[in-house]
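final29.cif, holding mmCIF, C-alpha atoms and all ligand atoms:
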```cif
data_model
loop_
_atom_site.label_atom_id
_atom_site.label_comp_id
_atom_site.auth_asym_id
_atom_site.auth_seq_id
_atom_site.Cartn_x
_atom_site.Cartn_y
_atom_site.Cartn_z
CA ALA I 1 -15.29 -34.05 -46.99
CA HIS I 2 -13.70 -34.70 -43.59
CA VAL I 3 -16.92 -33.83 -41.76
CA ALA I 4 -18.75 -36.68 -43.45
CA THR I 5 -15.92 -39.05 -42.51
CA ASP I 6 -16.15 -37.73 -38.94
CA LYS I 7 -19.83 -38.59 -38.80
CA THR I 8 -19.14 -42.15 -39.93
CA HIS I 9 -16.37 -42.42 -37.35
CA VAL I 10 -18.58 -41.05 -34.58
CA ARG I 11 -21.31 -43.58 -35.41
CA ASP I 12 -18.78 -46.35 -35.52
CA VAL I 13 -17.18 -45.52 -32.14
CA ARG I 14 -20.61 -45.15 -30.56
CA ALA I 15 -21.69 -48.53 -31.90
CA ARG I 16 -18.59 -50.21 -30.50
CA HIS I 17 -18.12 -48.41 -27.19
CA PHE I 18 -21.48 -47.05 -25.98
CA GLY I 19 -24.18 -49.09 -24.30
CA GLY I 20 -26.36 -50.79 -26.86
CA ASN I 21 -29.57 -49.71 -25.14
CA LEU I 22 -28.81 -46.03 -25.79
CA ARG I 23 -31.15 -45.00 -28.58
CA LEU I 24 -30.27 -42.73 -31.51
CA SER I 25 -33.09 -40.62 -32.92
CA TYR I 26 -34.13 -41.12 -36.58
CA SER I 27 -33.30 -43.88 -39.04
CA ASP I 28 -30.70 -41.47 -40.48
CA PRO I 29 -29.25 -39.96 -37.28
CA VAL I 30 -28.30 -36.29 -37.18
CA MET I 31 -24.97 -34.88 -36.04
CA LEU I 32 -25.53 -31.41 -34.65
CA MET I 33 -22.61 -29.07 -34.18
CA ARG I 34 -24.09 -25.68 -33.37
CA GLY I 35 -27.29 -24.10 -32.15
CA TRP I 36 -28.90 -20.70 -32.10
CA ARG I 37 -32.26 -20.04 -30.44
CA HIS I 38 -34.57 -22.82 -31.78
CA HIS I 39 -32.27 -23.71 -34.68
CA LEU I 40 -29.56 -26.35 -34.94
CA PHE I 41 -26.84 -26.79 -37.56
CA ASP I 42 -25.36 -30.10 -38.68
CA GLU I 43 -21.83 -31.03 -39.74
CA TRP I 44 -22.35 -29.28 -43.08
CA GLY I 45 -23.84 -26.17 -41.48
CA ARG I 46 -27.34 -27.08 -42.70
CA PRO I 47 -30.08 -25.58 -40.47
CA TYR I 48 -32.75 -27.60 -38.65
CA LEU I 49 -35.77 -26.33 -36.76
CA ASP I 50 -35.62 -27.73 -33.24
CA ALA I 51 -39.27 -28.33 -32.39
CA TYR I 52 -38.49 -31.12 -29.96
CA ASN I 53 -35.94 -30.28 -27.31
CA ASN I 54 -37.32 -28.80 -24.10
CA VAL I 55 -33.92 -28.53 -22.45
CA PRO I 56 -32.76 -25.41 -24.34
CA HIS I 57 -35.81 -23.68 -22.87
CA VAL I 58 -34.62 -20.13 -23.64
CA GLY I 59 -32.94 -21.24 -26.87
CA HIS I 60 -29.64 -22.84 -27.83
CA ALA I 61 -26.36 -21.01 -27.16
CA HIS I 62 -27.96 -18.09 -25.32
CA PRO I 63 -25.36 -15.28 -25.02
CA ARG I 64 -26.41 -14.37 -21.48
CA LEU I 65 -25.80 -17.94 -20.34
CA GLN I 66 -22.45 -18.06 -22.11
CA ALA I 67 -21.43 -14.84 -20.37
CA VAL I 68 -22.59 -16.00 -16.93
CA ALA I 69 -20.78 -19.35 -17.27
CA ALA I 70 -17.54 -17.70 -18.41
CA ASP I 71 -17.71 -15.10 -15.64
CA GLN I 72 -18.39 -17.60 -12.86
CA LEU I 73 -15.73 -20.07 -14.03
CA LEU I 74 -13.18 -17.25 -13.93
CA ARG I 75 -14.15 -16.51 -10.31
CA MET I 76 -14.77 -19.83 -8.57
CA ASN I 77 -17.13 -22.78 -8.55
CA SER I 78 -17.83 -24.54 -5.28
CA ASN I 79 -20.47 -26.32 -3.24
CA THR I 80 -23.27 -25.45 -0.82
CA ARG I 81 -21.21 -25.79 2.38
CA TYR I 82 -19.96 -22.21 1.96
CA LEU I 83 -22.05 -19.07 1.80
CA HIS I 84 -22.60 -17.55 -1.62
CA PRO I 85 -25.21 -15.03 -2.81
CA ALA I 86 -25.64 -16.87 -6.13
CA GLN I 87 -27.13 -19.83 -4.26
CA THR I 88 -29.57 -17.80 -2.19
CA GLY I 89 -30.28 -15.60 -5.23
CA PHE I 90 -31.38 -18.62 -7.27
CA ALA I 91 -33.60 -19.85 -4.43
CA GLU I 92 -35.18 -16.42 -3.93
CA LYS I 93 -35.91 -15.99 -7.64
CA LEU I 94 -37.37 -19.49 -7.96
CA LEU I 95 -39.60 -19.05 -4.91
CA THR I 96 -41.18 -15.92 -6.43
CA LYS I 97 -42.69 -18.33 -8.99
CA LEU I 98 -44.12 -20.76 -6.42
CA PRO I 99 -46.96 -20.54 -3.89
CA PRO I 100 -45.71 -19.30 -0.47
CA GLU I 101 -46.41 -22.69 1.15
CA LEU I 102 -43.54 -24.15 -0.90
CA SER I 103 -40.51 -22.44 0.55
CA VAL I 104 -37.63 -24.90 1.09
CA CYS I 105 -35.33 -25.86 -1.83
CA TRP I 106 -32.74 -28.54 -2.48
CA PHE I 107 -30.43 -28.38 -5.46
CA VAL I 108 -29.24 -31.53 -7.22
CA ASN I 109 -27.90 -32.42 -10.67
CA SER I 110 -30.74 -33.99 -12.61
CA GLY I 111 -34.42 -34.74 -12.70
CA SER I 112 -33.71 -38.32 -11.64
CA GLU I 113 -31.83 -37.19 -8.55
CA ALA I 114 -34.55 -34.69 -7.75
CA ASN I 115 -37.24 -37.41 -7.89
CA GLU I 116 -35.05 -39.69 -5.82
CA LEU I 117 -34.87 -37.00 -3.13
CA ALA I 118 -38.60 -36.29 -3.45
CA LEU I 119 -39.27 -39.97 -2.69
CA ARG I 120 -37.08 -39.78 0.43
CA LEU I 121 -38.89 -36.62 1.55
CA ALA I 122 -42.30 -38.25 1.06
CA ARG I 123 -41.22 -41.28 3.06
CA ALA I 124 -39.74 -39.19 5.86
CA ALA I 125 -42.86 -37.04 6.12
CA SER I 126 -45.43 -39.86 5.90
CA GLY I 127 -43.64 -42.69 7.65
CA GLY I 128 -44.83 -44.91 4.78
CA LYS I 129 -42.97 -46.54 1.90
CA ALA I 130 -45.54 -47.29 -0.80
CA MET I 131 -46.22 -45.04 -3.79
CA ILE I 132 -49.06 -44.63 -6.27
CA THR I 133 -48.34 -43.38 -9.77
CA PRO I 134 -50.06 -43.32 -13.17
CA ASP I 135 -49.15 -45.97 -15.74
CA HIS I 136 -46.60 -45.15 -18.48
CA GLY I 137 -44.88 -42.47 -16.36
CA TYR I 138 -41.19 -41.61 -16.37
CA HIS I 139 -39.29 -40.09 -13.46
CA GLY I 140 -35.65 -40.93 -14.12
CA ASN I 141 -32.85 -43.42 -14.56
CA THR I 142 -31.81 -44.12 -10.94
CA THR I 143 -32.82 -47.24 -9.01
CA GLY I 144 -35.57 -45.47 -7.07
CA ALA I 145 -36.82 -43.40 -9.99
CA ILE I 146 -37.00 -46.45 -12.27
CA ASP I 147 -39.16 -48.15 -9.65
CA LEU I 148 -41.60 -45.23 -10.05
CA SER I 149 -41.49 -45.32 -13.87
CA ALA I 150 -43.92 -47.81 -15.39
CA TYR I 151 -42.67 -46.76 -18.83
CA LYS I 152 -39.35 -48.45 -17.94
CA PHE I 153 -40.15 -51.14 -15.36
CA ASN I 154 -42.89 -52.60 -17.56
CA ALA I 155 -40.85 -52.41 -20.78
CA PRO I 156 -39.51 -55.69 -22.23
CA GLY I 157 -36.51 -56.66 -20.08
CA GLY I 158 -37.49 -54.11 -17.41
CA VAL I 159 -37.19 -54.78 -13.67
CA GLY I 160 -40.96 -55.19 -13.27
CA GLN I 161 -43.36 -53.50 -10.89
CA PRO I 162 -42.07 -53.24 -7.30
CA ASP I 163 -44.35 -54.56 -4.56
CA TRP I 164 -44.50 -51.07 -3.01
CA VAL I 165 -45.81 -49.40 -6.17
CA GLU I 166 -49.44 -49.31 -7.31
CA LEU I 167 -50.45 -48.05 -10.75
CA VAL I 168 -53.54 -46.11 -11.76
CA ASP I 169 -54.62 -45.43 -15.36
CA ILE I 170 -53.02 -42.54 -17.14
CA PRO I 171 -55.82 -39.90 -17.37
CA ASP I 172 -55.97 -40.14 -21.17
CA ASP I 173 -59.25 -38.61 -22.34
CA TYR I 174 -58.71 -39.69 -25.95
CA ARG I 175 -58.44 -43.47 -25.52
CA GLY I 176 -58.95 -44.12 -21.80
CA ALA I 177 -61.97 -45.14 -19.70
CA TYR I 178 -63.33 -41.55 -19.58
CA LEU I 179 -63.36 -39.41 -22.70
CA ARG I 180 -62.98 -35.70 -23.38
CA GLY I 181 -66.04 -33.66 -22.61
CA ASP I 182 -67.28 -36.13 -20.00
CA PRO I 183 -67.74 -33.95 -16.89
CA GLN I 184 -67.04 -37.04 -14.75
CA ALA I 185 -63.68 -37.75 -16.42
CA GLY I 186 -61.41 -36.05 -13.85
CA GLU I 187 -63.22 -37.58 -10.89
CA GLY I 188 -63.51 -40.94 -12.65
CA TYR I 189 -59.77 -41.28 -13.14
CA ALA I 190 -59.03 -39.86 -9.67
CA ALA I 191 -61.33 -42.43 -8.02
CA GLN I 192 -58.98 -45.21 -9.17
CA VAL I 193 -56.69 -44.04 -6.38
CA ASP I 194 -59.18 -45.44 -3.83
CA ALA I 195 -58.71 -48.95 -5.18
CA ALA I 196 -54.93 -48.51 -5.31
CA ILE I 197 -54.86 -47.42 -1.65
CA ALA I 198 -57.10 -50.37 -0.73
CA ARG I 199 -54.73 -52.80 -2.48
CA LEU I 200 -51.78 -51.37 -0.53
CA THR I 201 -53.47 -51.40 2.84
CA GLY I 202 -54.78 -54.90 2.06
CA ARG I 203 -51.13 -55.99 1.85
CA GLY I 204 -50.35 -54.23 5.15
CA GLN I 205 -48.43 -51.44 3.44
CA ARG I 206 -48.38 -47.81 4.43
CA LEU I 207 -48.72 -45.07 1.83
CA ALA I 208 -45.88 -42.57 1.34
CA GLY I 209 -47.51 -40.67 -1.50
CA PHE I 210 -48.37 -40.08 -5.12
CA ILE I 211 -46.08 -38.98 -7.93
CA ALA I 212 -47.04 -37.93 -11.45
CA GLU I 213 -45.77 -35.85 -14.30
CA THR I 214 -48.38 -33.11 -13.92
CA TYR I 215 -49.12 -33.51 -17.64
CA PRO I 216 -47.88 -36.97 -18.63
CA SER I 217 -45.40 -36.59 -21.48
CA VAL I 218 -43.84 -39.97 -22.28
CA GLY I 219 -47.32 -41.44 -21.79
CA GLY I 220 -48.40 -39.46 -24.85
CA GLN I 221 -48.57 -35.70 -24.21
CA ILE I 222 -51.69 -36.09 -22.08
CA ILE I 223 -53.66 -33.13 -20.70
CA PRO I 224 -55.51 -34.53 -17.68
CA PRO I 225 -59.22 -33.64 -17.47
CA PRO I 226 -60.21 -30.79 -15.13
CA GLY I 227 -60.41 -31.80 -11.49
CA TYR I 228 -58.17 -34.85 -11.92
CA LEU I 229 -55.35 -33.89 -9.57
CA GLN I 230 -57.75 -32.26 -7.11
CA GLY I 231 -59.49 -35.61 -6.76
CA VAL I 232 -56.22 -37.52 -6.52
CA TYR I 233 -54.55 -35.20 -4.03
CA ALA I 234 -57.57 -35.19 -1.69
CA ARG I 235 -57.57 -39.00 -1.58
CA ILE I 236 -53.80 -39.30 -1.12
CA ARG I 237 -53.80 -36.77 1.73
CA ALA I 238 -56.75 -38.42 3.44
CA ALA I 239 -54.67 -41.62 3.47
CA GLY I 240 -51.68 -39.83 5.01
CA GLY I 241 -49.66 -39.52 1.79
CA VAL I 242 -47.65 -36.73 0.21
CA CYS I 243 -48.31 -35.38 -3.32
CA ILE I 244 -45.33 -34.93 -5.65
CA ALA I 245 -45.62 -32.92 -8.88
CA ASP I 246 -42.92 -33.78 -11.42
CA GLU I 247 -42.80 -30.54 -13.41
CA VAL I 248 -39.63 -31.46 -15.31
CA GLN I 249 -41.47 -31.32 -18.66
CA THR I 250 -44.20 -28.81 -17.91
CA GLY I 251 -42.65 -26.14 -15.71
CA LEU I 252 -41.18 -22.68 -16.29
CA GLY I 253 -43.84 -21.22 -18.55
CA ARG I 254 -43.99 -23.87 -21.28
CA LEU I 255 -47.79 -24.06 -20.98
CA GLY I 256 -48.14 -20.36 -21.72
CA SER I 257 -51.17 -20.01 -19.47
CA HIS I 258 -49.35 -20.98 -16.26
CA TYR I 259 -45.79 -21.10 -15.01
CA PHE I 260 -46.39 -24.63 -13.66
CA ALA I 261 -48.92 -27.24 -14.77
CA PHE I 262 -50.15 -27.85 -11.20
CA GLU I 263 -51.60 -24.32 -11.28
CA ALA I 264 -53.64 -25.27 -14.35
CA GLN I 265 -55.00 -28.26 -12.39
CA GLY I 266 -55.80 -25.99 -9.44
CA VAL I 267 -53.74 -27.93 -6.89
CA LEU I 268 -50.96 -27.18 -4.44
CA PRO I 269 -48.43 -30.03 -4.40
CA ASP I 270 -46.46 -30.90 -1.26
CA ILE I 271 -43.29 -31.37 -3.32
CA VAL I 272 -42.38 -29.94 -6.73
CA VAL I 273 -39.60 -31.44 -8.86
CA LEU I 274 -37.79 -29.45 -11.54
CA GLY I 275 -35.11 -30.48 -14.03
CA LYS I 276 -34.19 -30.35 -17.71
CA PRO I 277 -35.06 -26.76 -18.77
CA ILE I 278 -34.00 -25.08 -15.55
CA GLY I 279 -30.32 -25.25 -16.51
CA ASN I 280 -30.95 -24.84 -20.27
CA GLY I 281 -28.50 -27.73 -20.72
CA HIS I 282 -26.41 -27.25 -17.60
CA PRO I 283 -27.26 -30.19 -15.29
CA ILE I 284 -29.60 -28.94 -12.56
CA GLY I 285 -32.43 -30.52 -10.62
CA VAL I 286 -34.43 -28.81 -7.88
CA VAL I 287 -36.82 -30.06 -5.20
CA ILE I 288 -39.08 -27.56 -3.46
CA THR I 289 -41.26 -28.45 -0.48
CA THR I 290 -43.04 -27.17 2.60
CA PRO I 291 -41.26 -26.38 5.89
CA ALA I 292 -43.13 -29.24 7.61
CA ILE I 293 -41.90 -31.86 5.14
CA ALA I 294 -38.41 -30.37 5.20
CA ARG I 295 -38.36 -30.66 9.01
CA ALA I 296 -39.30 -34.35 8.87
CA PHE I 297 -36.41 -35.02 6.48
CA GLU I 298 -33.97 -32.87 8.47
CA LYS I 299 -34.26 -35.32 11.38
CA GLY I 300 -32.14 -37.70 9.30
CA PRO I 301 -28.49 -37.39 8.31
CA GLU I 302 -27.16 -34.40 6.39
CA PHE I 303 -28.21 -34.27 2.75
CA PHE I 304 -25.32 -33.18 0.57
CA SER I 305 -24.62 -33.18 -3.16
CA THR I 306 -21.10 -32.30 -4.30
CA PHE I 307 -22.18 -30.57 -7.49
CA GLY I 308 -25.84 -29.89 -6.69
CA GLY I 309 -26.30 -26.16 -6.12
CA SER I 310 -22.77 -25.33 -7.24
CA THR I 311 -22.07 -21.63 -7.65
CA LEU I 312 -22.10 -22.04 -11.42
CA SER I 313 -25.33 -24.08 -11.45
CA CYS I 314 -27.12 -21.51 -9.33
CA ARG I 315 -26.06 -18.66 -11.56
CA MET I 316 -27.17 -20.60 -14.64
CA GLY I 317 -30.52 -21.51 -13.09
CA LYS I 318 -31.22 -17.95 -11.94
CA THR I 319 -30.29 -16.58 -15.37
CA VAL I 320 -32.64 -19.02 -17.13
CA LEU I 321 -35.52 -17.82 -14.95
CA ASP I 322 -34.53 -14.19 -15.60
CA ILE I 323 -34.45 -14.76 -19.37
CA VAL I 324 -37.93 -16.35 -19.35
CA ASP I 325 -39.18 -13.13 -17.70
CA ASP I 326 -37.08 -10.61 -19.61
CA GLU I 327 -37.84 -12.05 -23.04
CA GLY I 328 -41.53 -12.68 -22.36
CA LEU I 329 -41.10 -16.36 -23.23
CA MET I 330 -44.16 -17.58 -21.34
CA GLN I 331 -46.29 -15.14 -23.37
CA ASN I 332 -44.56 -16.34 -26.52
CA ALA I 333 -45.32 -19.96 -25.59
CA GLN I 334 -48.97 -18.99 -25.30
CA ALA I 335 -49.10 -17.18 -28.65
CA MET I 336 -47.04 -19.72 -30.60
CA GLY I 337 -48.88 -22.60 -28.95
CA GLU I 338 -52.19 -21.17 -30.13
CA ARG I 339 -50.82 -20.69 -33.65
CA LEU I 340 -49.58 -24.29 -33.72
CA MET I 341 -52.82 -25.71 -32.34
CA GLN I 342 -54.89 -23.78 -34.89
CA GLY I 343 -52.64 -24.93 -37.72
CA LEU I 344 -52.73 -28.54 -36.50
CA ALA I 345 -56.53 -28.44 -36.26
CA GLY I 346 -56.53 -27.30 -39.90
CA LEU I 347 -54.30 -30.25 -40.86
CA ALA I 348 -56.55 -32.64 -38.93
CA ALA I 349 -59.49 -31.47 -41.04
CA ARG I 350 -57.64 -32.57 -44.19
CA HIS I 351 -55.58 -35.59 -43.13
CA ALA I 352 -57.40 -38.67 -41.87
CA LEU I 353 -54.25 -39.94 -40.14
CA ILE I 354 -54.62 -37.32 -37.40
CA GLY I 355 -56.95 -38.69 -34.73
CA ASP I 356 -56.38 -36.09 -32.03
CA VAL I 357 -54.62 -32.78 -31.50
CA ARG I 358 -54.08 -31.78 -27.88
CA GLY I 359 -51.87 -29.33 -26.10
CA GLN I 360 -51.39 -26.27 -24.04
CA GLY I 361 -48.77 -23.68 -24.92
CA LEU I 362 -45.75 -25.44 -26.37
CA PHE I 363 -46.61 -28.85 -24.88
CA ILE I 364 -48.38 -30.49 -27.82
CA GLY I 365 -49.29 -34.01 -28.96
CA VAL I 366 -50.72 -35.13 -32.29
CA GLU I 367 -52.12 -38.66 -32.10
CA MET I 368 -52.02 -40.66 -35.34
CA VAL I 369 -54.59 -43.37 -36.03
CA THR I 370 -55.38 -45.68 -38.94
CA ASP I 371 -59.08 -45.45 -38.17
CA ARG I 372 -60.68 -42.49 -36.45
CA ASP I 373 -63.61 -44.46 -35.07
CA LEU I 374 -61.63 -47.41 -33.79
CA ARG I 375 -58.64 -45.23 -32.84
CA HIS I 376 -56.12 -47.87 -33.97
CA PRO I 377 -52.61 -46.49 -33.38
CA ALA I 378 -50.79 -45.62 -36.63
CA THR I 379 -47.35 -46.60 -35.35
CA ARG I 380 -45.75 -47.23 -38.76
CA GLN I 381 -47.07 -44.01 -40.28
CA THR I 382 -45.95 -41.99 -37.25
CA SER I 383 -42.41 -43.26 -37.70
CA TYR I 384 -42.62 -42.35 -41.39
CA VAL I 385 -43.76 -38.81 -40.60
CA LEU I 386 -41.08 -38.35 -37.95
CA ASN I 387 -38.27 -39.47 -40.24
CA ARG I 388 -39.58 -37.47 -43.20
CA MET I 389 -39.78 -34.36 -40.98
CA ARG I 390 -36.13 -34.92 -40.12
CA GLU I 391 -35.34 -35.07 -43.87
CA GLU I 392 -37.18 -31.77 -44.23
CA ARG I 393 -35.00 -30.56 -41.34
CA VAL I 394 -37.68 -30.21 -38.71
CA LEU I 395 -36.92 -32.11 -35.52
CA ILE I 396 -39.93 -33.43 -33.62
CA GLY I 397 -40.39 -36.54 -31.45
CA CYS I 398 -42.81 -39.37 -30.92
CA GLU I 399 -44.32 -40.72 -27.72
CA GLY I 400 -46.96 -42.90 -26.15
CA PRO I 401 -47.27 -46.62 -25.37
CA ASP I 402 -47.80 -47.29 -29.12
CA ASN I 403 -45.33 -44.67 -30.40
CA ASN I 404 -48.09 -43.03 -32.39
CA ILE I 405 -48.14 -39.54 -30.92
CA LEU I 406 -46.06 -36.78 -32.48
CA LYS I 407 -44.45 -34.73 -29.75
CA ILE I 408 -44.01 -31.03 -30.48
CA ARG I 409 -42.13 -29.32 -27.68
CA PRO I 410 -39.78 -26.62 -29.00
CA PRO I 411 -37.66 -24.11 -27.10
CA LEU I 412 -39.89 -21.22 -25.99
CA THR I 413 -38.19 -18.88 -28.46
CA ILE I 414 -39.96 -20.37 -31.52
CA ASP I 415 -41.52 -17.69 -33.74
CA ALA I 416 -44.40 -17.45 -36.22
CA GLU I 417 -42.32 -18.15 -39.35
CA ASP I 418 -40.96 -21.35 -37.88
CA VAL I 419 -44.37 -22.49 -36.65
CA ASP I 420 -45.67 -21.95 -40.19
CA MET I 421 -42.71 -23.81 -41.67
CA LEU I 422 -43.35 -26.78 -39.38
CA LEU I 423 -47.04 -26.83 -40.37
CA ASP I 424 -46.19 -26.51 -44.06
CA ARG I 425 -43.73 -29.44 -43.97
CA LEU I 426 -46.13 -31.56 -41.93
CA ASP I 427 -48.91 -30.85 -44.42
CA LEU I 428 -46.66 -31.95 -47.29
CA ILE I 429 -45.57 -35.15 -45.54
CA LEU I 430 -49.10 -36.07 -44.46
CA SER I 431 -50.07 -35.97 -48.14
CA GLU I 432 -47.47 -38.60 -49.08
CA ASN I 433 -48.17 -42.30 -49.57
CA GLY I 434 -46.31 -43.33 -46.40
CA SER I 435 -48.72 -41.25 -44.29
CA GLN I 436 -51.95 -42.82 -45.54
CA PRO I 437 -53.96 -44.63 -42.85
N1 LIG I 501 -38.99 -36.59 -14.92
C1 LIG I 501 -39.46 -36.38 -16.15
C2 LIG I 501 -40.92 -36.04 -16.34
C3 LIG I 501 -38.62 -36.48 -17.27
O1 LIG I 501 -39.10 -36.26 -18.50
C4 LIG I 501 -37.25 -36.79 -17.06
C5 LIG I 501 -36.28 -36.89 -18.22
N2 LIG I 501 -36.83 -37.26 -19.45
C6 LIG I 501 -36.81 -37.03 -15.76
C7 LIG I 501 -37.70 -36.91 -14.71
C8 LIG I 501 -35.39 -37.41 -15.47
O2 LIG I 501 -34.53 -36.36 -15.65
P1 LIG I 501 -32.97 -36.60 -15.93
O3 LIG I 501 -32.83 -37.29 -17.24
O4 LIG I 501 -32.43 -35.20 -15.91
O5 LIG I 501 -32.42 -37.39 -14.80
#
```
For this file, write the structure as structure tokens.
Ligand code: PMP
Amino acid sequence: AHVATDKTHVRDVRARHFGGNLRLSYSDPVMLMRGWRHHLFDEWGRPYLDAYNNVPHVGHAHPRLQAVAADQLLRMNSNTRYLHPAQTGFAEKLLTKLPPELSVCWFVNSGSEANELALRLARAASGGKAMITPDHGYHGNTTGAIDLSAYKFNAPGGVGQPDWVELVDIPDDYRGAYLRGDPQAGEGYAAQVDAAIARLTGRGQRLAGFIAETYPSVGGQIIPPPGYLQGVYARIRAAGGVCIADEVQTGLGRLGSHYFAFEAQGVLPDIVVLGKPIGNGHPIGVVITTPAIARAFEKGPEFFSTFGGSTLSCRMGKTVLDIVDDEGLMQNAQAMGERLMQGLAGLAARHALIGDVRGQGLFIGVEMVTDRDLRHPATRQTSYVLNRMREERVLIGCEGPDNNILKIRPPLTIDAEDVDMLLDRLDLILSENGSQP
């Protein structure tokens, strides 16, 4: 029984020696010791379906990544001030996935760092400082990235909204000002940028740009209406700003239909930010931009990151991109996403708690409400469902300003049996007393 004692000890040491504002998932936290594809195994070896973690994009414990890491660590691991074909190889592979206008890369260690650099690039290129961003966004844990993350700066005890940041509504077509099916929705939300620019210029501030998660995730797994980013980008550019697409959650084929979400919105960003899945767990962030923006930034001091773009990181990143191609994972995301969406629509027809099912590929949100007409958020029931799913050994998350949106975002390896298992368990739990609106 030593494993059970270990778990108690681990919880105890965490409680005493880790920051108190570090959250543990689930009322009965899980201790996970091993992984394989989209499965995880706890301290007793019990299996869980990982339908939540987007970092192990190509699956947990991928043998090709293990082999690449072992091989490179036996050779050497160094920084970007020496030549190495692994570094250029990663850049070349990544750029095959991006429009030709985006051709200059920087490698860093996290999504936060990548957004931090993107902000510096936007400021260098525009000569401005101020930024516009949708409400409830998240771009990272660093000082600059927090200032761009309404989800954190507006939270209780948060640092508050900086005077150089203007918010626009999240383009939520389920509970926002413009609803799904309204042909004006995209343009309606985009037009809010005009007022935000006017507020900035009214204060004598100059615009640096706009940043958004291309599909807002922490804001509630939102799929912006068609035309939204086209309308936003046109306005930002007319005001001299730069458009940043944070593709940390949506990139690398997760949507099934497109490799990046900006393609689905029909826009070409000036700066693309990548993180989480690109290292499959190895810490990597990437910023890709145009030669013109790169040149503006290059006028400043050298940009260097000790670990960013290390030989090992570049081999890991390149191998992740290769695996997505070789294993047809984008196609799998499309097929499994459709299967999940169909199954969830079936559940919505039978369970009144489900107010909305939305998603594309394996980026899915299920919004829970106590009243379908009034759309009251079912926060308590969502927490019940989440924790019961964990008891049934299916790991999913919850998001949104009211914590009432189930977040389904598995590794791209998920297969039909596991999709069906998830739907079966969710059906069972939605029938229980705790899930009644
Ligand atoms: N951008 C988005 C959209 C994210 O979801 C995250 C992480 N949740 C980040 C940036 C920050 O990435 P990291 O935690 O790697 O710094």
All residues 8 Å or closer to region 113-118 of chain I, only C-alpha atoms, same chain fewer than 5 positions away omitted, as a PDB file with C-alpha atoms, keeping the file's coordinate frame:
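For reference, selection.pdb as written:
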```
ATOM      1  CA  PHE I 107     -30.430 -28.380  -5.460  1.00  0.00           C
ATOM      2  CA  VAL I 108     -29.240 -31.530  -7.220  1.00  0.00           C
ATOM      3  CA  HIS I 139     -39.290 -40.090 -13.460  1.00  0.00           C
ATOM      4  CA  GLY I 140     -35.650 -40.930 -14.120  1.00  0.00           C
ATOM      5  CA  THR I 142     -31.810 -44.120 -10.940  1.00  0.00           C
ATOM      6  CA  GLY I 144     -35.570 -45.470  -7.070  1.00  0.00           C
ATOM      7  CA  ALA I 145     -36.820 -43.400  -9.990  1.00  0.00           C
ATOM      8  CA  ILE I 244     -45.330 -34.930  -5.650  1.00  0.00           C
ATOM      9  CA  ASP I 246     -42.920 -33.780 -11.420  1.00  0.00           C
ATOM     10  CA  ILE I 271     -43.290 -31.370  -3.320  1.00  0.00           C
ATOM     11  CA  VAL I 273     -39.600 -31.440  -8.860  1.00  0.00           C
ATOM     12  CA  LEU I 274     -37.790 -29.450 -11.540  1.00  0.00           C
ATOM     13  CA  GLY I 275     -35.110 -30.480 -14.030  1.00  0.00           C
ATOM     14  CA  GLY I 285     -32.430 -30.520 -10.620  1.00  0.00           C
ATOM     15  CA  VAL I 286     -34.430 -28.810  -7.880  1.00  0.00           C
ATOM     16  CA  VAL I 287     -36.820 -30.060  -5.200  1.00  0.00           C
TER      17      VAL I 287
END
```
Of I:Ala349, I:Val324, I:Val248, I:Cys398, the one nearest to ligand LIG 501 (chain I) when counting all atoms listed in the file is I:Val248
Coordinates of box centre and edge lengths for region 197-207 of chain I, 3 Å on every side, axis-aligned, as JSON:
```
{"center_x": -52.7, "center_y": -50.5, "center_z": 1.3, "size_x": 14.7, "size_y": 16.9, "size_z": 13.6}
```
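Residue nearest Pro269 (chain I) within the list I:Leu24, I:Leu102, I:Ile364, I:Leu252: I:Leu102 [criterion: smallest interatomic distance, all atoms listed in the file].
Candidate residues I:Glu166, I:Glu338, I:Asp322, I:Glu247 were compared for distance to ligand LIG 501 (chain I), and the nearest is I:Glu247, using all atoms listed in the file.
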Find the residues around Ile223 (chain I) up to 12 Å (only C-alpha atoms counted), leave out those fewer than 5 positions away in its own chain, and share them as a PyMOL selection string.
chain I and resi 170-174+179-180+185-186+213-217+228-229+250+255+261-262+264-265+357-361+363-365
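Nearest residue to ligand LIG 501 (chain I) among I:Thr413, I:Asn77, I:Gln161, I:Asn280 is I:Asn280, counting only C-alpha atoms and all ligand atoms.
Candidate residues I:Ala348, I:Val68, I:Ala86, I:Ala212 were compared for distance to ligand LIG 501 (chain I), and the nearest is I:Ala212, using only C-alpha atoms and all ligand atoms.
Taking only C-alpha atoms, the non-local environment of Leu353 (chain I) within 9 Å (same-chain residues fewer than 3 positions away omitted) comprises Ala348, Glu367, Met368, Val369, Thr370, Asp371, Arg372, Ala378, Gln381, Leu430, Ser435, Gln436 and Pro437 of chain I.
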Using only C-alpha atoms and all ligand atoms, the best pick from I:Gly308, I:Gly434, I:Gly137, I:Pro301 as closest to ligand LIG 501 (chain I) would be I:Gly137
Counting all atoms listed in the file, what is within 7 Å of Phe210 (chain I), bar same-chain residues fewer than 4 positions away, as number ranges by chain? I: 131-133, 236, 242-244
If we count all atoms listed in the file, what is near region 9-17 of chain I at a cut-off of 12 Å, once residues fewer than 3 positions away on the same chain are taken out, given as a PyMOL selection string? chain I and resi 2-6+20-24+28-32+43
Students should find that CA of Arg295 (chain I) and CA of Lys93 (chain I) are spaced 22.3 Å
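Here CA of Gly227 (chain I) and CA of Glu187 (chain I) stand 6.5 Å from one another.
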